[in-house]
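Engineer: As input, take work10.cif (mmCIF, C-alpha atoms and all ligand atoms):
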data_run
loop_
_atom_site.label_atom_id
_atom_site.label_comp_id
_atom_site.auth_asym_id
_atom_site.auth_seq_id
_atom_site.Cartn_x
_atom_site.Cartn_y
_atom_site.Cartn_z
CA MET O 20 -8.11 -20.22 22.44
CA THR O 21 -7.08 -17.73 25.11
CA LEU O 22 -5.96 -14.13 24.71
CA GLY O 23 -3.84 -12.75 27.57
CA VAL O 24 -3.37 -9.07 28.30
CA PRO O 25 -0.62 -8.26 30.81
CA LYS O 26 -0.33 -4.88 32.53
CA GLU O 27 2.25 -2.71 30.76
CA THR O 28 5.41 -2.20 32.80
CA PHE O 29 7.25 0.29 30.56
CA LEU O 30 8.00 3.60 32.27
CA LEU O 31 5.05 6.05 32.02
CA GLU O 32 3.01 3.66 29.89
CA ARG O 33 -0.71 3.87 30.71
CA ARG O 34 -2.21 2.19 27.65
CA VAL O 35 -3.63 -1.32 27.67
CA ALA O 36 -3.87 -3.63 24.67
CA VAL O 37 -7.55 -4.58 25.09
CA THR O 38 -10.31 -2.30 26.42
CA PRO O 39 -13.65 -3.33 27.95
CA LYS O 40 -15.40 -2.15 24.76
CA THR O 41 -13.26 -4.42 22.57
CA VAL O 42 -13.55 -7.53 24.80
CA SER O 43 -16.86 -8.44 23.14
CA LYS O 44 -15.30 -8.11 19.68
CA PHE O 45 -12.49 -10.52 20.58
CA ARG O 46 -15.07 -12.87 22.08
CA GLN O 47 -17.02 -12.74 18.82
CA LEU O 48 -13.83 -13.97 17.13
CA GLY O 49 -14.04 -16.97 19.48
CA PHE O 50 -11.34 -16.00 22.02
CA ALA O 51 -11.58 -16.20 25.80
CA VAL O 52 -10.06 -12.95 27.11
CA LYS O 53 -7.91 -12.90 30.25
CA ILE O 54 -6.80 -9.53 31.59
CA GLN O 55 -4.15 -9.10 34.28
CA SER O 56 -5.63 -7.45 37.35
CA GLU O 57 -5.30 -3.64 37.10
CA ALA O 58 -3.99 -3.79 33.52
CA GLY O 59 -6.52 -1.13 32.49
CA GLN O 60 -6.10 1.08 35.53
CA GLY O 61 -3.81 3.64 33.82
CA ALA O 62 -6.39 4.05 31.06
CA THR O 63 -9.31 4.39 33.54
CA PHE O 64 -10.68 0.87 32.88
CA SER O 65 -11.46 -1.01 36.11
CA ASP O 66 -11.25 -4.78 36.55
CA GLU O 67 -15.02 -4.71 37.08
CA SER O 68 -15.59 -3.10 33.67
CA TYR O 69 -13.64 -5.95 32.03
CA ILE O 70 -15.61 -8.57 33.98
CA ASN O 71 -18.87 -6.92 32.91
CA ALA O 72 -17.67 -7.10 29.31
CA GLY O 73 -17.06 -10.84 29.60
CA ALA O 74 -13.33 -11.03 30.36
CA GLU O 75 -11.68 -12.90 33.20
CA ILE O 76 -9.32 -11.06 35.58
CA VAL O 77 -6.17 -13.09 36.22
CA SER O 78 -2.67 -12.87 37.70
CA GLN O 79 0.30 -11.66 35.66
CA ALA O 80 1.56 -15.24 35.19
CA ASP O 81 -1.85 -16.39 33.96
CA ALA O 82 -2.11 -13.51 31.50
CA TRP O 83 1.30 -14.50 30.09
CA ALA O 84 0.30 -18.19 29.96
CA CYS O 85 -2.37 -17.64 27.30
CA ASP O 86 -2.14 -18.93 23.71
CA ILE O 87 -1.81 -15.40 22.40
CA VAL O 88 -0.41 -12.50 24.43
CA LEU O 89 -1.36 -8.95 23.42
CA LYS O 90 0.75 -6.01 24.56
CA VAL O 91 1.33 -2.41 23.61
CA ARG O 92 4.99 -1.64 24.30
CA GLN O 93 8.03 -3.61 23.26
CA LEU O 94 9.24 -6.13 25.84
CA ASP O 95 10.50 -4.10 28.77
CA GLN O 96 14.12 -5.18 29.14
CA GLU O 97 14.61 -2.90 32.19
CA ASN O 98 12.12 -5.12 34.04
CA ASP O 99 13.18 -8.40 32.36
CA GLU O 100 9.71 -8.70 30.89
CA GLN O 101 11.02 -11.25 28.35
CA ASN O 102 11.27 -13.75 31.22
CA ASN O 103 7.47 -13.70 31.50
CA ILE O 104 7.01 -15.38 28.12
CA ASN O 105 5.46 -18.77 28.75
CA PRO O 106 6.83 -21.76 26.79
CA ASN O 107 3.26 -22.65 25.77
CA THR O 108 2.44 -19.26 24.27
CA GLN O 109 2.12 -19.46 20.50
CA CYS O 110 1.99 -15.83 19.60
CA LEU O 111 3.06 -12.52 21.10
CA VAL O 112 1.95 -9.22 19.60
CA SER O 113 3.43 -5.84 20.58
CA TYR O 114 5.76 -3.15 19.28
CA ALA O 115 9.24 -4.64 18.78
CA TYR O 116 11.53 -2.18 16.88
CA PRO O 117 13.53 -5.00 15.26
CA ALA O 118 16.01 -2.67 13.54
CA THR O 119 17.39 -1.62 16.92
CA ASN O 120 16.75 -4.86 18.85
CA LYS O 121 18.22 -7.63 16.71
CA ILE O 122 20.34 -9.27 19.41
CA PHE O 123 17.50 -9.15 21.90
CA LEU O 124 15.16 -10.75 19.36
CA GLN O 125 17.74 -13.47 18.76
CA THR O 126 17.63 -14.31 22.48
CA ILE O 127 13.83 -14.35 22.44
CA ALA O 128 13.84 -16.70 19.45
CA GLU O 129 16.36 -19.08 21.01
CA THR O 130 14.63 -19.24 24.39
CA ASN O 131 11.11 -19.55 22.93
CA PRO O 132 11.34 -21.95 19.97
CA ARG O 133 7.54 -22.23 19.60
CA LEU O 134 6.86 -18.51 19.64
CA THR O 135 5.73 -16.32 16.77
CA TYR O 136 6.32 -12.65 17.53
CA LEU O 137 4.33 -10.13 15.48
CA ALA O 138 5.51 -6.50 15.60
CA MET O 139 2.83 -3.81 15.45
CA ASP O 140 5.47 -1.32 14.31
CA CYS O 141 6.10 -3.44 11.19
CA VAL O 142 2.60 -3.30 9.75
CA PRO O 143 3.19 -2.30 6.11
CA ARG O 144 1.83 1.16 5.25
CA ILE O 145 -0.44 -0.09 2.48
CA SER O 146 -4.14 0.53 1.99
CA LYS O 147 -5.29 -2.97 2.91
CA ALA O 148 -3.35 -2.83 6.20
CA GLN O 149 -4.79 0.50 7.31
CA LYS O 150 -7.23 -1.08 9.79
CA LEU O 151 -4.37 -2.56 11.78
CA ASP O 152 -1.91 0.28 11.33
CA SER O 153 -1.28 1.41 14.89
CA LEU O 154 1.63 3.65 13.82
CA SER O 155 -1.02 5.82 12.19
CA SER O 156 -3.68 5.55 14.88
CA MET O 157 -1.16 6.43 17.60
CA ALA O 158 0.53 9.19 15.55
CA ASN O 159 -2.85 10.82 15.05
CA ILE O 160 -3.41 11.03 18.79
CA GLY O 161 0.22 12.01 19.46
CA GLY O 162 0.04 14.95 17.04
CA TYR O 163 -3.11 16.22 18.72
CA ARG O 164 -1.63 15.85 22.20
CA ALA O 165 1.56 17.63 21.15
CA VAL O 166 -0.50 20.74 20.42
CA MET O 167 -2.31 20.48 23.76
CA GLU O 168 1.04 20.27 25.54
CA ALA O 169 2.46 23.20 23.56
CA PHE O 170 -0.37 25.49 24.64
CA GLN O 171 -0.07 24.28 28.21
CA TYR O 172 3.35 25.99 28.26
CA PHE O 173 2.95 28.78 25.69
CA GLN O 174 1.71 31.87 27.49
CA LYS O 175 -0.21 33.46 24.65
CA CYS O 176 -3.51 32.94 22.91
CA PRO O 177 -3.58 30.65 19.85
CA LYS O 178 -6.05 32.73 17.83
CA PRO O 179 -5.97 36.38 16.82
CA MET O 180 -7.97 38.74 18.99
CA VAL O 181 -9.36 42.15 18.27
CA THR O 182 -10.30 43.96 21.45
CA ALA O 183 -10.96 47.57 22.48
CA ALA O 184 -7.55 47.49 24.15
CA GLY O 185 -5.78 46.47 20.96
CA LYS O 186 -5.12 43.61 18.58
CA LEU O 187 -3.33 40.37 19.37
CA PRO O 188 -1.85 38.28 16.56
CA PRO O 189 -2.41 34.53 16.22
CA ALA O 190 0.27 32.12 17.39
CA GLN O 191 2.59 31.04 14.60
CA VAL O 192 3.38 27.35 14.50
CA LEU O 193 5.94 25.44 12.44
CA VAL O 194 5.33 21.71 12.07
CA ILE O 195 8.41 19.83 10.88
CA GLY O 196 7.44 16.48 9.39
CA ALA O 197 4.00 16.43 7.78
CA GLY O 198 3.25 12.71 8.13
CA VAL O 199 0.32 11.39 10.14
CA ALA O 200 1.34 13.07 13.42
CA GLY O 201 2.28 16.33 11.74
CA LEU O 202 -0.99 16.53 9.82
CA SER O 203 -2.93 15.89 13.00
CA ALA O 204 -1.00 18.70 14.73
CA ILE O 205 -1.59 21.05 11.78
CA GLY O 206 -5.34 20.31 11.84
CA TYR O 207 -5.64 21.01 15.56
CA CYS O 208 -3.54 24.20 15.37
CA LYS O 209 -5.68 25.48 12.50
CA SER O 210 -8.85 24.78 14.46
CA LEU O 211 -7.41 26.86 17.31
CA GLY O 212 -6.86 29.78 14.94
CA CYS O 213 -3.05 29.59 14.62
CA LEU O 214 -1.02 30.48 11.54
CA VAL O 215 0.67 27.22 10.55
CA LYS O 216 3.72 26.50 8.46
CA ALA O 217 4.87 22.99 7.60
CA MET O 218 8.08 21.45 6.33
CA ASP O 219 8.84 17.96 5.03
CA THR O 220 11.37 16.31 2.76
CA ARG O 221 8.80 14.21 0.87
CA SER O 222 7.29 16.17 -2.02
CA ALA O 223 3.94 14.39 -1.48
CA ALA O 224 3.71 16.00 1.95
CA LYS O 225 3.26 19.48 0.40
CA SER O 226 -0.27 18.91 -0.84
CA ASP O 227 -1.17 16.99 2.35
CA ALA O 228 -0.04 19.91 4.52
CA GLU O 229 -1.71 22.51 2.30
CA SER O 230 -4.97 20.58 2.34
CA MET O 231 -4.96 20.93 6.13
CA GLY O 232 -4.46 24.70 5.82
CA ALA O 233 -0.71 25.00 6.41
CA LYS O 234 1.71 27.04 4.32
CA PHE O 235 4.40 24.67 3.04
CA VAL O 236 7.92 25.97 3.60
CA GLN O 237 10.01 24.39 0.89
CA VAL O 238 13.74 23.91 0.50
CA GLU O 239 14.58 25.37 -2.91
CA MET O 240 16.41 22.29 -4.18
CA LYS O 241 15.36 19.46 -6.44
CA GLU O 242 15.83 16.39 -4.27
CA GLU O 243 13.11 13.83 -3.55
CA GLY O 244 12.89 12.88 0.12
CA SER O 245 10.81 9.82 -0.48
CA THR O 246 11.85 6.24 -1.21
CA ALA O 247 10.04 4.37 -3.99
CA ALA O 248 7.73 3.01 -1.29
CA GLY O 249 6.81 6.53 -0.14
CA TYR O 250 8.92 6.64 3.05
CA ALA O 251 11.33 9.31 4.18
CA ARG O 252 15.02 8.76 3.49
CA GLU O 253 18.14 10.52 4.64
CA MET O 254 18.83 13.64 2.54
CA SER O 255 22.13 14.73 0.96
CA ALA O 256 24.51 16.95 2.95
CA GLU O 257 23.76 19.81 0.52
CA TYR O 258 20.01 19.48 1.08
CA GLN O 259 20.49 19.28 4.85
CA LYS O 260 22.50 22.52 4.74
CA ALA O 261 19.78 24.31 2.76
CA GLN O 262 17.09 22.92 5.07
CA TYR O 263 19.09 24.09 8.08
CA GLU O 264 19.19 27.70 6.85
CA LEU O 265 15.48 27.66 6.05
CA THR O 266 14.64 26.22 9.46
CA LYS O 267 16.89 28.74 11.21
CA ASN O 268 15.15 31.69 9.52
CA THR O 269 11.66 30.27 10.09
CA ALA O 270 12.35 29.42 13.74
CA LYS O 271 13.10 33.11 14.46
CA ILE O 272 9.54 34.16 13.59
CA VAL O 273 7.40 31.31 14.91
CA ASP O 274 6.14 30.85 18.47
CA ILE O 275 5.83 27.08 18.52
CA ILE O 276 7.70 24.33 16.69
CA ILE O 277 6.34 20.79 16.66
CA THR O 278 8.81 18.27 15.28
CA THR O 279 7.75 14.81 14.13
CA ALA O 280 10.52 13.94 11.65
CA LEU O 281 11.46 10.28 11.55
CA ILE O 282 13.35 8.08 9.13
CA PRO O 283 12.34 4.40 9.29
CA GLY O 284 14.92 2.23 11.08
CA ARG O 285 17.19 5.14 12.05
CA LYS O 286 17.76 7.61 14.83
CA ALA O 287 15.66 10.75 14.34
CA PRO O 288 17.44 13.47 12.30
CA ILE O 289 18.60 16.51 14.30
CA LEU O 290 16.86 19.46 12.66
CA LEU O 291 16.95 22.04 15.46
CA SER O 292 20.49 22.79 16.61
CA GLU O 293 21.47 24.81 19.66
CA GLU O 294 22.13 27.76 17.31
CA ILE O 295 18.57 27.58 15.94
CA VAL O 296 17.08 27.38 19.43
CA GLN O 297 19.20 30.35 20.55
CA GLY O 298 17.67 32.37 17.70
CA MET O 299 14.10 31.75 18.89
CA GLN O 300 12.04 34.23 20.94
CA PRO O 301 11.84 33.85 24.74
CA GLY O 302 8.63 32.04 25.67
CA SER O 303 8.65 30.02 22.43
CA VAL O 304 7.88 26.34 22.76
CA ILE O 305 9.30 23.28 21.00
CA VAL O 306 7.48 19.97 21.26
CA ASP O 307 9.87 17.24 20.12
CA MET O 308 7.66 14.31 19.17
CA ALA O 309 10.75 12.38 18.09
CA ALA O 310 12.21 12.52 21.64
CA GLU O 311 12.02 8.77 22.12
CA MET O 312 13.94 8.15 18.87
CA GLY O 313 16.74 10.48 19.96
CA GLY O 314 14.94 13.77 19.25
CA ASN O 315 14.80 16.26 16.37
CA CYS O 316 16.18 18.97 18.63
CA ALA O 317 19.76 18.78 19.88
CA LEU O 318 18.72 20.13 23.30
CA THR O 319 15.76 17.83 23.96
CA LYS O 320 15.87 15.93 27.22
CA PRO O 321 13.70 12.83 26.64
CA GLY O 322 10.85 12.65 29.13
CA GLU O 323 11.43 16.19 30.42
CA VAL O 324 10.39 19.81 29.96
CA TYR O 325 13.43 22.03 29.83
CA THR O 326 13.80 25.82 29.56
CA THR O 327 16.92 27.07 27.79
CA ASN O 328 18.94 30.06 28.98
CA ASN O 329 17.21 32.21 26.33
CA GLY O 330 13.76 31.18 27.59
CA VAL O 331 12.74 28.57 25.01
CA ILE O 332 10.71 25.72 26.49
CA ILE O 333 11.54 22.30 25.04
CA ILE O 334 9.04 19.54 25.69
CA GLY O 335 10.52 16.06 25.28
CA PHE O 336 7.66 13.92 26.55
CA ILE O 337 7.94 10.31 25.44
CA ASP O 338 4.43 9.46 26.58
CA LEU O 339 2.30 11.84 24.50
CA VAL O 340 0.07 9.03 23.25
CA SER O 341 -0.16 7.52 26.71
CA ARG O 342 -1.39 10.87 28.03
CA MET O 343 -4.62 10.07 26.19
CA ALA O 344 -4.62 6.44 27.30
CA PRO O 345 -8.38 5.69 27.21
CA GLN O 346 -8.70 6.70 23.56
CA SER O 347 -5.31 5.50 22.36
CA SER O 348 -5.96 2.12 24.02
CA GLU O 349 -9.34 1.95 22.28
CA LEU O 350 -7.80 2.57 18.85
CA TYR O 351 -4.87 0.23 19.51
CA ALA O 352 -7.26 -2.52 20.67
CA ASN O 353 -9.25 -2.04 17.45
CA ASN O 354 -6.03 -2.40 15.45
CA LEU O 355 -5.36 -5.69 17.30
CA TYR O 356 -8.91 -6.88 16.69
CA HIS O 357 -8.41 -6.42 12.93
CA LEU O 358 -5.10 -8.28 13.16
CA LEU O 359 -6.68 -11.28 14.92
CA ASP O 360 -9.54 -11.23 12.46
CA ASN O 361 -6.96 -11.34 9.66
CA LEU O 362 -5.28 -14.30 11.43
CA GLY O 363 -8.53 -16.29 11.23
CA GLY O 364 -9.99 -15.70 14.70
CA ALA O 365 -9.85 -18.50 17.29
CA SER O 366 -11.28 -21.30 15.16
CA LYS O 367 -8.95 -20.90 12.15
CA PHE O 368 -6.01 -19.17 13.83
CA ALA O 369 -2.91 -19.43 11.63
CA VAL O 370 0.12 -17.25 11.07
CA ASN O 371 0.22 -17.21 7.29
CA LEU O 372 3.61 -15.98 6.18
CA GLU O 373 2.38 -15.89 2.59
CA ASP O 374 0.23 -12.92 3.62
CA GLU O 375 2.27 -9.77 2.97
CA ILE O 376 0.96 -8.01 6.09
CA ILE O 377 1.75 -10.92 8.41
CA SER O 378 5.09 -11.64 6.79
CA SER O 379 6.12 -8.00 7.24
CA MET O 380 5.05 -8.07 10.91
CA CYS O 381 6.66 -11.40 11.79
CA VAL O 382 9.98 -10.77 13.56
CA VAL O 383 10.44 -14.15 15.28
CA ASN O 384 9.09 -17.54 14.16
CA ASN O 385 9.97 -21.13 15.15
CA GLY O 386 13.17 -20.19 16.97
CA GLN O 387 14.44 -17.88 14.21
CA VAL O 388 14.60 -14.12 13.84
CA THR O 389 12.62 -13.61 10.67
CA TRP O 390 13.08 -9.86 10.38
CA SER O 391 15.85 -8.54 8.19
CA PRO O 392 16.62 -5.00 7.02
CA SER O 393 15.80 -6.08 3.47
CA LYS O 394 12.22 -6.86 4.41
CA PRO O 395 9.82 -4.45 2.74
CA LEU O 396 9.01 -1.32 4.73
CA PRO O 397 10.74 -2.02 8.06
CA PRO O 398 10.19 0.62 10.72
P1 LIG O 401 6.97 9.13 10.03
O1 LIG O 401 6.34 9.17 11.38
O2 LIG O 401 7.86 8.01 9.67
O3 LIG O 401 7.78 10.49 9.80
C1 LIG O 401 7.15 11.72 10.00
C2 LIG O 401 7.40 12.66 8.86
O4 LIG O 401 8.72 13.19 8.97
C3 LIG O 401 7.31 12.06 7.45
O5 LIG O 401 6.34 12.79 6.73
C4 LIG O 401 8.71 12.26 6.90
O6 LIG O 401 8.71 12.49 5.51
C5 LIG O 401 9.18 13.46 7.67
N1 LIG O 401 10.63 13.67 7.68
C6 LIG O 401 11.61 12.74 7.77
N2 LIG O 401 12.82 13.37 7.74
C7 LIG O 401 12.58 14.69 7.64
C8 LIG O 401 13.40 15.86 7.60
N3 LIG O 401 14.73 15.76 7.62
N4 LIG O 401 12.81 17.05 7.52
C9 LIG O 401 11.47 17.17 7.49
N5 LIG O 401 10.64 16.13 7.54
C10 LIG O 401 11.19 14.90 7.60
O7 LIG O 401 5.85 9.31 8.92
P2 LIG O 401 4.40 8.64 8.87
O8 LIG O 401 3.41 9.63 9.24
O9 LIG O 401 4.43 7.38 9.64
O10 LIG O 401 4.27 8.36 7.32
C11 LIG O 401 5.31 7.65 6.61
C12 LIG O 401 4.83 7.28 5.23
O11 LIG O 401 3.81 6.29 5.31
C13 LIG O 401 4.23 8.41 4.43
O12 LIG O 401 4.58 8.25 3.08
C14 LIG O 401 2.76 8.20 4.57
O13 LIG O 401 2.01 8.77 3.51
C15 LIG O 401 2.70 6.70 4.55
N6 LIG O 401 1.52 6.17 5.20
C16 LIG O 401 0.77 5.23 4.53
C17 LIG O 401 -0.33 4.69 5.15
C18 LIG O 401 -1.15 3.65 4.44
O14 LIG O 401 -1.23 3.65 3.23
N7 LIG O 401 -1.70 2.72 5.20
C19 LIG O 401 -0.68 5.07 6.42
C20 LIG O 401 0.10 6.03 7.07
C21 LIG O 401 1.21 6.56 6.46
#
Do you think you could lay out the structure here as structure tokens?

Structural biologist:
Amino acid sequence: MTLGVPKETFLLERRVAVTPKTVSKFRQLGFAVKIQSEAGQGATFSDESYINAGAEIVSQADAWACDIVLKVRQLDQENDEQNNINPNTQCLVSYAYPATNKIFLQTIAETNPRLTYLAMDCVPRISKAQKLDSLSSMANIGGYRAVMEAFQYFQKCPKPMVTAAGKLPPAQVLVIGAGVAGLSAIGYCKSLGCLVKAMDTRSAAKSDAESMGAKFVQVEMKEEGSTAAGYAREMSAEYQKAQYELTKNTAKIVDIIITTALIPGRKAPILLSEEIVQGMQPGSVIVDMAAEMGGNCALTKPGEVYTTNNGVIIIGFIDLVSRMAPQSSELYANNLYHLLDNLGGASKFAVNLEDEIISSMCVVNNGQVTWSPSKPLPP
């Protein structure tokens, strides 16, 4: 069986679905690995390094003609990437965001009746799926990178300093959303010597944030922000009002805000209004990790760095994870390896919809869209 890895075409995407290091693992599962020429270039992996690892370098059409096609990003509609799907391909694996792409998926299903499409963003967040959970592996890297970007623009030292010329306080950071990305950002900020505050609507996030050394800033209202499955849900208008006031007061005293707040299947909630940003100190920095999902800050310009009239720098990069492409590709490729192992490798390859992980990931099968909002834990 052949595994094809096309070069990503999505704007600013530098990751690649299979790295030279993981080629041997896929080969051990019995697959022949075909990589599109220059697919690894953005992540510093040369064609030669893939050949040395036992892969074959092929054209774009040949990479797409494999039995299984492995990608990172969702199909790039801007570049009509869906037209590359070969009628003989059995399985396509990538991000898919089915909640926002239902009509597109319908077209894919109708034009590719043999295709099974597995969405990496629909891996259920359960213990036994952790090895293939790329939402977590990528969020970990994204949270780290968000801190690096913040200090690239923030003009002060992260840690406190005591010098003969006087004392300098540590940078104060507020992390909104203490999920995987937020916890990674908290950990890195703490290691740099910052004072860190964290905020989240899920009560379980409090102990997570505190265990990483952050002070949890809590809305004084009894309302659980978690669904039964442990995911964030939209909060009541009353809660949102109380959270707004708390955020406004906290934003005035912190130097950096990193926002990561997401609600599965929805646009990101706006948590930093223009009024809140206007209340922040000049030189403060906001890194909006939710920029691609619409942003947690009303003033974020996705993909850009923008300075407001009161001197607040808002970073809306949508490629934070891609800015660490060698390592994020490595982790993503490992997630894919565990998926293909779960699917039986080359000799016993089968998409078993009785398996709760595979059934959750399957968005298109045999000419039908198989994702529905009622599926457990959709993204
Ligand atoms: P996410 O990326 O979906 O969201 C980021 C964070 O934003 C979450 O902590 C969420 O509660 C928070 N948030 C949403 N709305 C908010 C608001 N208005 N204000 C403040 N914060 C808000 O989160 P994630 O990191 O992907 O984690 C989602 C869930 O999945 C969590 O319960 C997490 O524990 C769980 N999880 C499970 C596994 C596993 O068992 N395999 C792995 C990773 C995560």

Engineer: Please, which residues in chain O fall within 6 Å of ligand LIG 401 (chain O) when counting only C-alpha atoms and all ligand atoms, and what is the closest atom pair and distance in Å to one decimal for each, ordered by chain then residue number, as a Markdown table?

Structural biologist:
| residue | atom | partner | partner_atom | distance |
| --- | --- | --- | --- | --- |
| O:Arg144 | CA | O:LIG401 | N7 | 3.9 |
| O:Ile145 | CA | O:LIG401 | O14 | 3.9 |
| O:Ser146 | CA | O:LIG401 | O14 | 4.4 |
| O:Ala148 | CA | O:LIG401 | N7 | 5.9 |
| O:Gln149 | CA | O:LIG401 | N7 | 4.4 |
| O:Ser155 | CA | O:LIG401 | C20 | 5.2 |
| O:Ile195 | CA | O:LIG401 | C9 | 5.3 |
| O:Gly196 | CA | O:LIG401 | O4 | 3.6 |
| O:Ala197 | CA | O:LIG401 | O5 | 4.5 |
| O:Gly198 | CA | O:LIG401 | O8 | 3.3 |
| O:Val199 | CA | O:LIG401 | O8 | 3.7 |
| O:Ala200 | CA | O:LIG401 | O8 | 5.8 |
| O:Met218 | CA | O:LIG401 | C9 | 5.6 |
| O:Asp219 | CA | O:LIG401 | N5 | 3.6 |
| O:Thr220 | CA | O:LIG401 | C9 | 4.8 |
| O:Arg221 | CA | O:LIG401 | O6 | 4.9 |
| O:Gly249 | CA | O:LIG401 | O12 | 4.3 |
| O:Tyr250 | CA | O:LIG401 | O12 | 4.6 |
| O:Ala251 | CA | O:LIG401 | O6 | 4.3 |
| O:Thr279 | CA | O:LIG401 | C1 | 5.2 |
| O:Ala280 | CA | O:LIG401 | O4 | 3.3 |
| O:Leu281 | CA | O:LIG401 | O3 | 4.1 |
| O:Ile282 | CA | O:LIG401 | C6 | 5.2 |
| O:Pro283 | CA | O:LIG401 | O2 | 5.8 |
| O:Pro288 | CA | O:LIG401 | N3 | 5.9 |

Engineer: Leaving out Ser68 (chain O) and any residue of its chain fewer than 3 positions from it, which residues lie within 12 Å of it when counting only C-alpha atoms, given as a VMD selection string?

Structural biologist: chain O and resid 37 to 43 54 56 to 60 62 to 65 71 to 76

Engineer: From the list O:Trp83, O:Tyr116, O:Tyr69, O:Phe123, which residue is nearest Gln96 (chain O) when using all atoms listed in the file?

Structural biologist: O:Phe123

Engineer: Can you tell me how far CA of Ala369 (chain O) sits from CA of Val383 (chain O), in Å to one decimal?

Structural biologist: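 CA of Val383 (chain O) lies at a distance of 14.8 Å from CA of Ala369 (chain O).
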
Engineer: Near Lys367 (chain O), counting all atoms listed in the file, which residues have an atom at most 10 Å away, once you skip same-chain residues fewer than 5 positions from it, shown as a PyMOL selection string?

Structural biologist: chain O and resi 48-49+360+362

Engineer: Tell me which of O:Ala183, O:Ala165, O:Ala310, O:Ala233 sits closest to Ala204 (chain O), counting only C-alpha atoms.

Structural biologist: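 Using only C-alpha atoms, Ala204 (chain O) sits closest to O:Ala165.
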
Engineer: Starting from the point (0.3, 8.1, 27.2), work out which residues of protein, DNA or RNA have an atom no more than 8 Å away when counting only C-alpha atoms; state them as an NGL selection string.

Structural biologist: :O and (31-34 or 338-344 or 347)

Engineer: When you look at Ser379 (chain O) with a cut-off of 10 Å (counting only C-alpha atoms), what residues show up, excluding the ones that are within fewer than 2 positions of it in the same chain? I need them as a list in words.

Structural biologist: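 Non-adjacent residues within range: Leu137, Ala138, Met139, Asp140, Cys141, Val142, Pro143, Leu372, Glu373, Asp374, Glu375, Ile376, Ile377, Cys381, Val382, Thr389, Trp390, Ser391, Lys394, Pro395, Leu396 and Pro397 of chain O.
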
Engineer: Please produce a file of the residues just selected, as a compact mmCIF listing (two decimals), in the frame of the given file, where the atoms kept are C-alpha atoms.

Structural biologist:
# COMPACT_ATOMS: atom_id res chain seq x y z
CA LEU O 137 4.33 -10.13 15.48
CA ALA O 138 5.51 -6.50 15.60
CA MET O 139 2.83 -3.81 15.45
CA ASP O 140 5.47 -1.32 14.31
CA CYS O 141 6.10 -3.44 11.19
CA VAL O 142 2.60 -3.30 9.75
CA PRO O 143 3.19 -2.30 6.11
CA LEU O 372 3.61 -15.98 6.18
CA GLU O 373 2.38 -15.89 2.59
CA ASP O 374 0.23 -12.92 3.62
CA GLU O 375 2.27 -9.77 2.97
CA ILE O 376 0.96 -8.01 6.09
CA ILE O 377 1.75 -10.92 8.41
CA CYS O 381 6.66 -11.40 11.79
CA VAL O 382 9.98 -10.77 13.56
CA THR O 389 12.62 -13.61 10.67
CA TRP O 390 13.08 -9.86 10.38
CA SER O 391 15.85 -8.54 8.19
CA LYS O 394 12.22 -6.86 4.41
CA PRO O 395 9.82 -4.45 2.74
CA LEU O 396 9.01 -1.32 4.73
CA PRO O 397 10.74 -2.02 8.06

Engineer: Go through O:Tyr172, O:Tyr356, O:Tyr136, O:Tyr263 and flag the residue nearest Ser303 (chain O), using all atoms listed in the file for the distances.

Structural biologist: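 Under the stated criterion, the closest residue is O:Tyr172.
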
Engineer: Just the number, please: distance in Å from CA of Ile87 (chain O) to CA of Val112 (chain O), one decimal.

Structural biologist: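 Separation between CA of Ile87 (chain O) and CA of Val112 (chain O): 7.8 Å.
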
Engineer: Would you kindly return, as a list in words, each protein, DNA or RNA residue with an atom no farther than 7 Å from any atom of region 290-295 of chain O, considering only C-alpha atoms and excluding same-chain residues fewer than 2 positions away?

Structural biologist: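 Surrounding residues, per the criterion: Tyr263, Lys267, Ala270, Pro288, Gln297, Gly298, Met299, Asn315, Cys316, Ala317 and Leu318 of chain O.
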
Engineer: Which residue is closest to Gly244 (chain O)? Choose from O:Ala223, O:Leu151, O:Ala128, O:Val215 and count all atoms listed in the file.

Structural biologist: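 Smallest distance to Gly244 (chain O) is found for O:Ala223.
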
Engineer: Hey, which of O:Asn102, O:Asn385, O:Gln262, O:Ser203 ends up closest to Gly232 (chain O)? Count all atoms listed in the file.

Structural biologist: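 Of the candidates, the smallest distance to Gly232 (chain O) is held by O:Ser203.
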
Engineer: Rounded to one decimal place, report the CA of Ala36 (chain O)-CA of Pro345 (chain O) distance in Å.

Structural biologist: 10.7 Å

Engineer: Excluding Lys209 (chain O) and its own-chain neighbours fewer than 3 positions away, which residues fall within 12 Å of it when counting all atoms listed in the file? Please give them as number ranges by chain.

Structural biologist: O: 163, 166, 177-179, 189-194, 202-206, 212-217, 228-234

Engineer: Counting all atoms listed in the file, figure out which residue out of O:Ala261, O:Val77, O:Leu30, O:Val331 gets nearest to Val273 (chain O).

Structural biologist: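 For Val273 (chain O), the nearest of the given residues is O:Val331.
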